[in-house]
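Text of coords_22.cif, listed as mmCIF, C-alpha atoms:
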```cif
data_input
loop_
_atom_site.label_atom_id
_atom_site.label_comp_id
_atom_site.auth_asym_id
_atom_site.auth_seq_id
_atom_site.Cartn_x
_atom_site.Cartn_y
_atom_site.Cartn_z
CA MET H 162 -20.39 -137.49 -120.82
CA LYS H 163 -17.19 -135.56 -120.67
CA ILE H 164 -14.55 -136.96 -118.35
CA ARG H 165 -12.32 -134.40 -116.78
CA LYS H 166 -8.68 -135.13 -116.14
CA SER H 167 -8.01 -135.28 -112.40
CA TYR H 168 -4.48 -133.76 -112.64
CA ASP H 169 -3.85 -130.19 -113.51
CA SER H 170 -1.86 -128.87 -116.39
CA LYS H 171 1.39 -128.38 -114.39
CA MET H 172 4.55 -129.92 -115.79
CA ALA H 173 5.40 -133.35 -114.44
CA GLU H 174 8.40 -133.12 -112.09
CA GLY H 175 10.80 -135.96 -111.37
CA ASP H 176 12.34 -136.35 -107.95
CA LEU H 177 15.95 -135.27 -108.41
CA THR H 178 17.12 -135.87 -104.84
CA ALA H 179 18.59 -139.33 -105.42
CA MET H 180 20.38 -138.27 -108.58
CA ILE H 181 21.91 -135.22 -106.92
CA ASP H 182 23.05 -137.41 -104.02
CA MET H 183 24.78 -139.77 -106.42
CA VAL H 184 26.42 -137.02 -108.43
CA PHE H 185 27.76 -135.37 -105.27
CA GLN H 186 29.15 -138.71 -104.12
CA LEU H 187 30.94 -139.10 -107.46
CA ILE H 188 32.34 -135.57 -107.31
CA ILE H 189 33.67 -136.13 -103.79
CA PHE H 190 35.24 -139.43 -104.88
CA PHE H 191 37.10 -137.84 -107.80
CA MET H 192 38.08 -134.75 -105.79
CA VAL H 193 39.69 -136.87 -103.08
CA LEU H 194 41.63 -139.05 -105.52
CA ILE H 195 42.72 -136.44 -108.01
CA ASN H 196 46.41 -135.56 -108.01
CA PHE H 197 47.31 -132.23 -109.53
CA SER H 198 51.01 -132.61 -108.76
CA GLN H 199 53.01 -132.88 -111.96
CA ASP H 200 56.42 -133.08 -110.20
CA ASP H 201 56.40 -136.79 -109.73
CA GLN H 202 54.79 -137.72 -113.03
CA ASN H 203 56.20 -137.88 -116.53
CA ASP H 204 54.54 -139.66 -119.42
CA LYS H 205 57.86 -140.27 -121.14
CA VAL H 206 59.11 -142.45 -118.30
CA LYS H 207 57.87 -146.00 -117.71
CA LEU H 208 59.17 -147.14 -114.37
CA PRO H 209 60.53 -150.64 -113.82
CA SER H 210 58.47 -152.71 -111.42
CA SER H 211 59.39 -154.42 -108.20
CA GLU H 212 57.50 -156.63 -105.77
CA LEU H 213 59.20 -154.79 -102.90
CA ALA H 214 57.95 -151.35 -103.93
CA LYS H 215 56.13 -149.66 -101.09
CA PRO H 216 55.36 -145.98 -100.74
CA PRO H 217 57.66 -144.31 -98.21
CA GLU H 218 56.21 -144.11 -94.70
CA ALA H 219 57.37 -140.52 -94.26
CA PRO H 220 57.79 -137.92 -96.99
CA LEU H 221 61.35 -137.51 -98.20
CA THR H 222 63.20 -134.42 -97.01
CA PHE H 223 63.94 -131.93 -99.78
CA PRO H 224 63.25 -134.27 -102.70
CA ILE H 225 64.75 -133.43 -106.09
CA VAL H 226 62.93 -135.47 -108.72
CA LEU H 227 64.88 -136.40 -111.85
CA HIS H 228 63.01 -138.10 -114.69
CA LEU H 229 65.37 -140.11 -116.89
CA ASP H 230 63.84 -141.36 -120.12
CA ARG H 231 65.12 -144.20 -122.30
CA THR H 232 67.04 -141.84 -124.57
CA SER H 233 69.03 -140.65 -121.52
CA VAL H 234 67.33 -137.24 -121.44
CA ILE H 235 66.67 -135.88 -117.95
CA TYR H 236 63.63 -133.80 -117.02
CA ILE H 237 63.78 -131.61 -113.89
CA GLY H 238 60.61 -129.61 -113.58
CA THR H 239 60.36 -127.81 -116.91
CA ASN H 240 64.07 -128.15 -117.73
CA VAL H 241 65.36 -130.74 -120.17
CA VAL H 242 69.03 -131.67 -119.80
CA THR H 243 71.50 -134.52 -120.19
CA VAL H 244 73.79 -136.13 -117.64
CA ASP H 245 76.68 -133.95 -118.85
CA SER H 246 74.71 -130.70 -118.56
CA ILE H 247 72.85 -131.33 -115.30
CA ALA H 248 75.42 -129.75 -112.94
CA PRO H 249 74.23 -126.08 -113.25
CA LEU H 250 70.66 -127.08 -112.37
CA LEU H 251 71.82 -129.09 -109.37
CA ARG H 252 73.96 -126.14 -108.25
CA THR H 253 70.79 -124.01 -108.25
CA GLU H 254 69.20 -126.60 -105.97
CA ILE H 255 72.28 -126.51 -103.74
CA ASP H 256 71.96 -122.71 -103.46
CA LEU H 257 68.34 -123.17 -102.46
CA LEU H 258 69.38 -125.74 -99.85
CA LYS H 259 72.02 -123.37 -98.47
CA SER H 260 69.45 -120.59 -98.17
CA ARG H 261 67.53 -122.96 -95.91
CA ASN H 262 70.63 -123.83 -93.87
CA GLN H 263 70.84 -127.31 -95.32
CA LYS H 264 73.56 -129.25 -97.05
CA PRO H 265 73.36 -131.29 -100.28
CA SER H 266 73.70 -134.42 -98.14
CA ASP H 267 70.35 -133.56 -96.50
CA ALA H 268 68.51 -133.68 -99.82
CA ASN H 269 67.08 -136.76 -101.49
CA ILE H 270 67.66 -137.29 -105.19
CA VAL H 271 64.66 -139.20 -106.51
CA ILE H 272 65.57 -140.99 -109.75
CA ARG H 273 62.61 -141.98 -111.89
CA GLY H 274 64.41 -143.97 -114.56
CA ASP H 275 62.75 -145.58 -117.54
CA PHE H 276 62.92 -149.38 -117.46
CA GLY H 277 64.72 -149.43 -120.83
CA THR H 278 67.38 -146.82 -120.11
CA PRO H 279 70.96 -148.15 -119.91
CA GLY H 280 71.95 -148.84 -116.30
CA GLY H 281 75.30 -147.15 -116.94
CA VAL H 282 73.53 -143.82 -117.51
CA VAL H 283 71.91 -144.14 -114.07
CA GLN H 284 75.37 -144.81 -112.63
CA ASP H 285 76.72 -141.73 -114.42
CA LEU H 286 73.87 -139.63 -113.05
CA ILE H 287 74.46 -140.87 -109.50
CA LYS H 288 78.19 -140.16 -109.87
CA LYS H 289 77.46 -136.63 -111.08
CA CYS H 290 75.25 -136.00 -108.05
CA GLN H 291 77.85 -137.51 -105.71
CA ASP H 292 80.50 -135.15 -107.10
CA LEU H 293 78.28 -132.23 -106.03
CA GLY H 294 77.86 -133.62 -102.52
CA PHE H 295 74.52 -135.44 -102.74
CA GLU H 296 74.46 -138.69 -100.80
CA LYS H 297 70.89 -139.89 -100.54
CA PHE H 298 69.23 -141.44 -103.56
CA ALA H 299 65.82 -142.98 -104.00
CA LEU H 300 65.36 -145.23 -107.03
CA ARG H 301 61.67 -145.00 -107.77
CA VAL H 302 59.86 -148.12 -109.00
CA ARG H 303 56.30 -149.17 -109.74
CA GLU H 304 54.53 -151.66 -107.54
CA GLU H 305 54.38 -155.12 -109.07
CA LEU H 306 51.11 -156.79 -108.26
CA PRO H 307 51.46 -160.46 -107.29
CA MET Y 109 -9.77 -107.83 -90.68
CA LYS Y 110 -8.14 -111.14 -91.53
CA PHE Y 111 -5.68 -111.31 -94.42
CA GLU Y 112 -5.44 -114.62 -96.19
CA SER Y 113 -2.21 -115.66 -97.66
CA LYS Y 114 -2.42 -116.03 -101.40
CA ARG Y 115 0.38 -118.63 -101.42
CA GLY Y 116 -1.70 -121.14 -99.60
CA ASN Y 117 0.04 -124.47 -98.87
CA GLU Y 118 2.05 -124.64 -102.08
CA LYS Y 119 5.54 -126.12 -101.72
CA ALA Y 120 8.36 -123.65 -102.32
CA GLU Y 121 10.24 -124.77 -105.41
CA LEU Y 122 13.92 -124.28 -106.03
CA GLN Y 123 15.29 -123.77 -109.51
CA LEU Y 124 17.78 -126.65 -109.72
CA THR Y 125 18.63 -126.55 -113.41
CA SER Y 126 21.69 -124.31 -113.19
CA MET Y 127 23.06 -126.12 -110.17
CA ILE Y 128 22.76 -129.47 -111.92
CA ASP Y 129 24.50 -127.99 -114.97
CA VAL Y 130 27.45 -126.86 -112.87
CA ILE Y 131 27.62 -130.13 -110.98
CA PHE Y 132 27.69 -132.16 -114.18
CA LEU Y 133 30.39 -129.86 -115.52
CA LEU Y 134 32.48 -130.49 -112.41
CA LEU Y 135 31.87 -134.21 -112.65
CA ILE Y 136 33.00 -134.31 -116.29
CA PHE Y 137 36.11 -132.30 -115.40
CA PHE Y 138 37.11 -134.68 -112.64
CA VAL Y 139 36.39 -137.77 -114.73
CA MET Y 140 38.48 -136.48 -117.64
CA THR Y 141 41.45 -135.44 -115.47
CA PHE Y 142 41.41 -138.58 -113.34
CA LYS Y 143 44.43 -140.76 -113.91
CA ILE Y 144 44.74 -144.20 -112.44
CA ALA Y 145 48.39 -144.51 -111.49
CA ALA Y 146 50.05 -147.59 -110.07
CA GLN Y 147 51.46 -147.24 -106.60
CA GLU Y 148 55.11 -146.28 -106.53
CA GLY Y 149 57.83 -146.97 -104.04
CA ASP Y 150 61.49 -146.21 -103.51
CA PHE Y 151 64.68 -148.11 -103.01
CA SER Y 152 66.74 -145.87 -100.79
CA VAL Y 153 70.43 -145.90 -101.51
CA LYS Y 154 72.87 -143.92 -99.39
CA MET Y 155 76.03 -143.46 -101.39
CA PRO Y 156 78.53 -140.85 -100.28
CA LEU Y 157 81.44 -140.25 -102.60
CA GLN Y 158 84.17 -142.81 -101.90
CA GLY Y 159 86.61 -141.62 -99.25
CA SER Y 160 84.18 -139.04 -97.81
CA GLY Y 161 82.72 -141.09 -94.99
CA GLY Y 162 80.06 -143.75 -95.00
CA THR Y 163 79.80 -146.73 -92.68
CA PRO Y 164 82.28 -149.49 -93.49
CA ASP Y 165 81.07 -153.05 -93.91
CA THR Y 166 81.67 -154.62 -90.49
CA THR Y 167 80.06 -157.96 -91.28
CA LYS Y 168 82.97 -159.27 -93.32
CA ILE Y 169 80.53 -160.57 -95.91
CA PRO Y 170 81.47 -158.65 -99.02
CA ILE Y 171 79.06 -159.29 -101.85
CA LYS Y 172 80.13 -158.22 -105.29
CA LEU Y 173 77.45 -158.63 -107.88
CA ARG Y 174 78.53 -158.56 -111.50
CA LEU Y 175 75.77 -158.24 -114.09
CA ARG Y 176 76.71 -158.98 -117.69
CA ALA Y 177 74.64 -157.87 -120.66
CA ASN Y 178 74.51 -158.65 -124.36
CA ALA Y 179 74.54 -156.00 -127.09
CA ASP Y 180 70.75 -155.46 -126.70
CA GLY Y 181 71.09 -154.67 -123.00
CA GLU Y 182 69.51 -157.94 -121.90
CA LEU Y 183 70.91 -159.78 -118.91
CA THR Y 184 73.11 -162.76 -119.78
CA ASP Y 185 74.85 -163.64 -116.55
CA ILE Y 186 74.81 -162.91 -112.82
CA VAL Y 187 78.18 -163.52 -111.17
CA VAL Y 188 78.67 -163.26 -107.42
CA ASN Y 189 82.10 -162.55 -105.99
CA ASP Y 190 83.74 -163.37 -109.34
CA SER Y 191 83.14 -167.06 -108.75
CA LEU Y 192 79.49 -168.11 -108.62
CA SER Y 193 77.48 -167.84 -111.83
CA TYR Y 194 73.67 -167.96 -111.74
CA GLY Y 195 72.84 -167.33 -115.40
CA ASN Y 196 69.82 -165.05 -115.22
CA ASP Y 197 68.10 -166.81 -112.33
CA TRP Y 198 67.16 -164.19 -109.71
CA ALA Y 199 65.67 -166.86 -107.41
CA LYS Y 200 69.07 -168.55 -107.09
CA LEU Y 201 70.70 -165.22 -106.28
CA ARG Y 202 68.12 -164.56 -103.57
CA GLY Y 203 68.71 -168.09 -102.23
CA TYR Y 204 72.41 -167.29 -101.96
CA ILE Y 205 71.71 -164.01 -100.13
CA LEU Y 206 69.33 -165.81 -97.75
CA GLU Y 207 71.99 -168.40 -97.04
CA LEU Y 208 74.61 -165.72 -96.46
CA THR Y 209 72.54 -163.50 -94.19
CA GLY Y 210 70.70 -166.32 -92.46
CA GLY Y 211 67.45 -164.66 -93.52
CA ASP Y 212 67.83 -162.03 -90.81
CA ALA Y 213 67.21 -158.38 -91.38
CA PRO Y 214 70.07 -156.06 -90.42
CA PRO Y 215 69.50 -154.29 -87.07
CA SER Y 216 69.48 -150.90 -88.78
CA PRO Y 217 69.77 -149.60 -92.36
CA GLU Y 218 73.34 -148.53 -91.54
CA ASP Y 219 74.39 -152.05 -90.57
CA GLY Y 220 74.61 -155.40 -92.25
CA PRO Y 221 76.38 -156.55 -95.38
CA GLU Y 222 76.89 -154.28 -98.35
CA VAL Y 223 76.29 -155.30 -101.94
CA GLU Y 224 78.31 -153.69 -104.68
CA ILE Y 225 76.61 -153.85 -108.06
CA ASP Y 226 78.93 -153.81 -111.03
CA LEU Y 227 77.07 -153.78 -114.33
CA ASP Y 228 77.73 -153.54 -118.03
CA TYR Y 229 77.03 -150.00 -119.20
CA ASN Y 230 74.23 -150.93 -121.59
CA LEU Y 231 72.36 -153.28 -119.21
CA ARG Y 232 68.73 -152.20 -119.08
CA TYR Y 233 67.74 -150.42 -115.89
CA GLU Y 234 64.91 -152.91 -115.22
CA HIS Y 235 67.53 -155.65 -114.67
CA VAL Y 236 69.37 -153.41 -112.20
CA ILE Y 237 66.11 -152.99 -110.28
CA ARG Y 238 65.53 -156.76 -110.39
CA ALA Y 239 69.00 -157.27 -108.93
CA ILE Y 240 68.29 -154.77 -106.15
CA THR Y 241 64.93 -156.48 -105.51
CA ALA Y 242 66.59 -159.91 -105.29
CA VAL Y 243 69.22 -158.84 -102.76
CA THR Y 244 67.32 -156.37 -100.58
CA GLY Y 245 64.46 -158.52 -99.47
CA GLN Y 246 61.58 -160.82 -100.18
CA ARG Y 247 57.86 -160.50 -99.94
CA GLN Y 248 56.05 -162.82 -97.55
CA GLY Y 249 52.36 -162.17 -98.03
CA ASP Y 250 51.84 -158.52 -97.22
CA GLU Y 251 55.06 -158.30 -95.25
CA ILE Y 252 58.44 -157.44 -96.72
CA LYS Y 253 61.39 -159.17 -95.13
CA ARG Y 254 64.55 -157.08 -95.41
CA LEU Y 255 67.83 -158.86 -96.14
CA VAL Y 256 70.38 -156.29 -97.28
CA GLU Y 257 69.94 -152.56 -96.77
CA ARG Y 258 73.23 -151.26 -98.08
CA ILE Y 259 73.70 -151.05 -101.82
CA LYS Y 260 76.34 -149.29 -103.80
CA PHE Y 261 77.33 -149.12 -107.44
CA ALA Y 262 80.77 -149.83 -108.79
CA PRO Y 263 82.23 -147.14 -111.08
CA PRO Y 264 80.46 -147.18 -114.46
CA ARG Y 265 82.05 -149.30 -117.21
CA LYS Y 266 82.08 -146.76 -120.01
CA PRO Y 267 82.00 -148.32 -123.48
CA GLN Y 268 85.37 -148.05 -125.22
#
```
Would you encode the structure as structure tokens?
Amino acid sequence: MKIRKSYDSKMAEGDLTAMIDMVFQLIIFFMVLINFSQDDQNDKVKLPSSELAKPPEAPLTFPIVLHLDRTSVIYIGTNVVTVDSIAPLLRTEIDLLKSRNQKPSDANIVIRGDFGTPGGVVQDLIKKCQDLGFEKFALRVREELP
Amino acid sequence: MKFESKRGNEKAELQLTSMIDVIFLLLIFFVMTFKIAAQEGDFSVKMPLQGSGGTPDTTKIPIKLRLRANADGELTDIVVNDSLSYGNDWAKLRGYILELTGGDAPPSPEDGPEVEIDLDYNLRYEHVIRAITAVTGQRQGDEIKRLVERIKFAPPRKPQ
């Protein structure tokens, strides 16, 4: 006696609904957390840590981010300068501030200094900015987990 | 005349293959570009150029912090007001600040005592941050208790 198969010859299909749900969840998770901003990141700088580090409650007004690595080289956007040659770049920022009816004292200089850089170089950098009229500085640090 | 539908009760099927391809591509992109970064925070320092304004210290508690370093840039001594030496013990320095301020936060960031940090040129920046951490506050659980809000740097000691 010949036994006939009860199912037809159609391809077996898995239920993909659960997998698609999961994959969408993952995509949403990564999309929300991804940060495309390169302004406040630099791989050459390892920040010192502090237990008091807390993200600012309000965004800083007109932030100018300076990355200072351990060889005392400063990165501003795509420009690479030293403390002695930073003035022209800061003057460009001042011109930009003036075009927005603001003064250098309204801007915030964010210093992302490497933990191993000499403290005197940070002092020199601050002094240079002060000479150009900047008054507000933010020393950026990494959160130290207890 | 009655027309019968040839489709019958068959379920309409969507072609999902290309969509799944694209979704996996997106997923791989996001996974590869994802960077876990530690949370960052700022120490705000308002430092106008000397003689061009700025609130004077009205508390009459001047704190001058001298940080000495060895040739490698490591901290060797913390000296307060040219008289008290704490070696490299940050806890003792914080104890002194607590004693001086009574553990009270200044009424506003513009008020309260001012700490002037005077450091050897080659002292590593991480020690400067530790000094600022020790004098500006202390963490109590999730809360941060502010002690000193006003920080300034002495002129840099350029190596001869």
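For the pair CA of Ala239 (chain Y) and CA of Asp285 (chain H), the separation is 18.2 Å.
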Just to confirm, what's the straight-line distance from CA of Glu182 (chain Y) to CA of Lys266 (chain Y) in Å (one decimal)? 16.9 Å
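Close contacts of Ser193 (chain Y), defined as residues with an atom at most 12 Å away when counting only C-alpha atoms, with chain neighbours fewer than 3 positions off set aside, comprise Lys172, Leu173, Arg174, Leu175, Arg176, Thr184, Asp185, Ile186, Val187, Val188, Asn189, Asp190, Asn196, Asp197, Trp198, Lys200, Leu201 and Tyr204 of chain Y.
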Rows by chain and residue number, chain H within 9 Å of chain Y, shortest pair, all atoms listed in the file, as CSV:
```
residue,atom,partner,partner_atom,distance
H:Leu177,CA,Y:Leu124,CA,8.9
H:Ile181,CA,Y:Ile128,CA,7.7
H:Val184,CA,Y:Leu135,CA,7.4
H:Phe185,CA,Y:Ile131,CA,7.8
H:Leu187,CA,Y:Leu135,CA,7.2
H:Ile188,CA,Y:Leu135,CA,5.5
H:Phe191,CA,Y:Phe138,CA,5.8
H:Met192,CA,Y:Phe138,CA,6.9
H:Leu194,CA,Y:Phe142,CA,7.8
H:Ile195,CA,Y:Phe142,CA,5.9
H:Asn196,CA,Y:Phe142,CA,7.9
H:Phe197,CA,Y:Thr141,CA,8.9
H:Leu208,CA,Y:Glu234,CA,8.2
H:Pro209,CA,Y:Glu234,CA,5.1
H:Ser210,CA,Y:Glu234,CA,7.5
H:Ser211,CA,Y:Thr241,CA,6.5
H:Glu212,CA,Y:Arg247,CA,7.0
H:Leu213,CA,Y:Thr241,CA,6.5
H:Ala214,CA,Y:Gly149,CA,4.4
H:Lys215,CA,Y:Gly149,CA,4.3
H:Pro216,CA,Y:Gly149,CA,4.2
H:Pro217,CA,Y:Gly149,CA,6.4
H:Ser266,CA,Y:Pro156,CA,8.3
H:Val271,CA,Y:Asp150,CA,8.3
H:Gly274,CA,Y:Tyr233,CA,7.4
H:Asp275,CA,Y:Tyr233,CA,7.1
H:Phe276,CA,Y:Glu234,CA,4.6
H:Gly277,CA,Y:Arg232,CA,5.2
H:Thr278,CA,Y:Tyr233,CA,5.6
H:Pro279,CA,Y:Asn230,CA,4.6
H:Gly280,CA,Y:Tyr233,CA,4.5
H:Gly281,CA,Y:Tyr229,CA,4.0
H:Val282,CA,Y:Tyr229,CA,7.3
H:Val283,CA,Y:Tyr233,CA,7.8
H:Gln284,CA,Y:Pro264,CA,5.9
H:Asp285,CA,Y:Pro264,CA,6.6
H:Ile287,CA,Y:Met155,CA,8.7
H:Lys288,CA,Y:Leu157,CA,8.0
H:Gln291,CA,Y:Leu157,CA,5.5
H:Asp292,CA,Y:Leu157,CA,6.9
H:Gly294,CA,Y:Leu157,CA,7.5
H:Phe295,CA,Y:Pro156,CA,7.2
H:Glu296,CA,Y:Pro156,CA,4.6
H:Lys297,CA,Y:Lys154,CA,4.6
H:Phe298,CA,Y:Val153,CA,5.1
H:Ala299,CA,Y:Ser152,CA,4.4
H:Leu300,CA,Y:Phe151,CA,5.0
H:Arg301,CA,Y:Asp150,CA,4.4
H:Val302,CA,Y:Gly149,CA,5.5
H:Arg303,CA,Y:Glu148,CA,4.5
H:Glu304,CA,Y:Gln147,CA,5.5
H:Glu305,CA,Y:Ala146,CA,8.7
```
Pull out every residue that the PyMOL selection byres ((chain H and resi 237) around 12) matches in the shown coordinates and put them as a VMD selection string. chain H and resid 199 to 203 224 to 230 234 to 236 238 to 244 246 to 251 253 to 254 270 to 273
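Picture a line from CA of Leu286 (chain H) to CA of Asn269 (chain H); it runs 13.7 Å.
Between Ala268 (chain H) and the residues H:Gln186, H:Thr232, H:Thr222, H:Arg252, the shortest atom-to-atom distance, using all atoms listed in the file, involves H:Thr222.
Residue nearest Gln263 (chain H), chosen from H:Phe223, H:Leu293, H:Val193, H:Lys207 and counting all atoms listed in the file: H:Phe223.
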Would you fill the gaps in region 173-197 of chain Y so it has N, CA and C atoms, then print it as an mmCIF file, in the coordinates of the input?
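Final file, selection-v1.cif:
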```cif
data_model
loop_
_atom_site.group_PDB
_atom_site.id
_atom_site.type_symbol
_atom_site.label_atom_id
_atom_site.label_comp_id
_atom_site.auth_asym_id
_atom_site.auth_seq_id
_atom_site.Cartn_x
_atom_site.Cartn_y
_atom_site.Cartn_z
ATOM 1 N N LEU Y 173 78.395 -158.098 -106.901
ATOM 2 C CA LEU Y 173 77.450 -158.630 -107.880
ATOM 3 C C LEU Y 173 77.806 -158.090 -109.263
ATOM 4 N N ARG Y 174 78.154 -158.993 -110.147
ATOM 5 C CA ARG Y 174 78.530 -158.560 -111.500
ATOM 6 C C ARG Y 174 77.395 -158.957 -112.445
ATOM 7 N N LEU Y 175 76.867 -157.976 -113.151
ATOM 8 C CA LEU Y 175 75.770 -158.240 -114.090
ATOM 9 C C LEU Y 175 76.278 -158.018 -115.512
ATOM 10 N N ARG Y 176 76.229 -159.089 -116.303
ATOM 11 C CA ARG Y 176 76.710 -158.980 -117.690
ATOM 12 C C ARG Y 176 75.512 -158.857 -118.628
ATOM 13 N N ALA Y 177 75.738 -158.100 -119.695
ATOM 14 C CA ALA Y 177 74.640 -157.870 -120.660
ATOM 15 C C ALA Y 177 75.116 -158.190 -122.074
ATOM 16 N N ASN Y 178 74.149 -158.492 -122.938
ATOM 17 C CA ASN Y 178 74.510 -158.650 -124.360
ATOM 18 C C ASN Y 178 74.380 -157.289 -125.049
ATOM 19 N N ALA Y 179 74.539 -157.275 -126.353
ATOM 20 C CA ALA Y 179 74.540 -156.000 -127.090
ATOM 21 C C ALA Y 179 73.191 -155.289 -127.011
ATOM 22 N N ASP Y 180 72.092 -156.059 -126.784
ATOM 23 C CA ASP Y 180 70.750 -155.460 -126.700
ATOM 24 C C ASP Y 180 70.417 -154.948 -125.304
ATOM 25 N N GLY Y 181 71.339 -155.139 -124.372
ATOM 26 C CA GLY Y 181 71.090 -154.670 -123.000
ATOM 27 C C GLY Y 181 70.350 -155.690 -122.161
ATOM 28 N N GLU Y 182 70.185 -156.902 -122.691
ATOM 29 C CA GLU Y 182 69.510 -157.940 -121.900
ATOM 30 C C GLU Y 182 70.518 -158.659 -121.021
ATOM 31 N N LEU Y 183 70.029 -159.121 -119.872
ATOM 32 C CA LEU Y 183 70.910 -159.780 -118.910
ATOM 33 C C LEU Y 183 71.340 -161.145 -119.442
ATOM 34 N N THR Y 184 72.638 -161.446 -119.352
ATOM 35 C CA THR Y 184 73.110 -162.760 -119.780
ATOM 36 C C THR Y 184 73.663 -163.569 -118.621
ATOM 37 N N ASP Y 185 74.228 -162.880 -117.637
ATOM 38 C CA ASP Y 185 74.850 -163.640 -116.550
ATOM 39 C C ASP Y 185 74.900 -162.823 -115.255
ATOM 40 N N ILE Y 186 74.652 -163.529 -114.146
ATOM 41 C CA ILE Y 186 74.810 -162.910 -112.820
ATOM 42 C C ILE Y 186 75.988 -163.630 -112.167
ATOM 43 N N VAL Y 187 76.998 -162.901 -111.807
ATOM 44 C CA VAL Y 187 78.180 -163.520 -111.170
ATOM 45 C C VAL Y 187 78.354 -162.894 -109.792
ATOM 46 N N VAL Y 188 78.474 -163.753 -108.790
ATOM 47 C CA VAL Y 188 78.670 -163.260 -107.420
ATOM 48 C C VAL Y 188 80.108 -163.513 -106.998
ATOM 49 N N ASN Y 189 80.718 -162.476 -106.484
ATOM 50 C CA ASN Y 189 82.100 -162.550 -105.990
ATOM 51 C C ASN Y 189 83.063 -163.174 -106.997
ATOM 52 N N ASP Y 190 82.873 -162.900 -108.249
ATOM 53 C CA ASP Y 190 83.740 -163.370 -109.340
ATOM 54 C C ASP Y 190 83.822 -164.901 -109.443
ATOM 55 N N SER Y 191 82.978 -165.609 -108.724
ATOM 56 C CA SER Y 191 83.140 -167.060 -108.750
ATOM 57 C C SER Y 191 81.843 -167.815 -109.035
ATOM 58 N N LEU Y 192 80.736 -167.369 -108.457
ATOM 59 C CA LEU Y 192 79.490 -168.110 -108.620
ATOM 60 C C LEU Y 192 78.655 -167.504 -109.749
ATOM 61 N N SER Y 193 78.276 -168.330 -110.705
ATOM 62 C CA SER Y 193 77.480 -167.840 -111.830
ATOM 63 C C SER Y 193 76.063 -168.397 -111.750
ATOM 64 N N TYR Y 194 75.077 -167.521 -111.853
ATOM 65 C CA TYR Y 194 73.670 -167.960 -111.740
ATOM 66 C C TYR Y 194 72.890 -167.751 -113.031
ATOM 67 N N GLY Y 195 73.571 -167.562 -114.146
ATOM 68 C CA GLY Y 195 72.840 -167.330 -115.400
ATOM 69 C C GLY Y 195 71.999 -166.082 -115.273
ATOM 70 N N ASN Y 196 70.690 -166.203 -115.511
ATOM 71 C CA ASN Y 196 69.820 -165.050 -115.220
ATOM 72 C C ASN Y 196 68.696 -165.442 -114.269
ATOM 73 N N ASP Y 197 69.058 -166.291 -113.307
ATOM 74 C CA ASP Y 197 68.100 -166.810 -112.330
ATOM 75 C C ASP Y 197 68.153 -165.979 -111.042
#
```
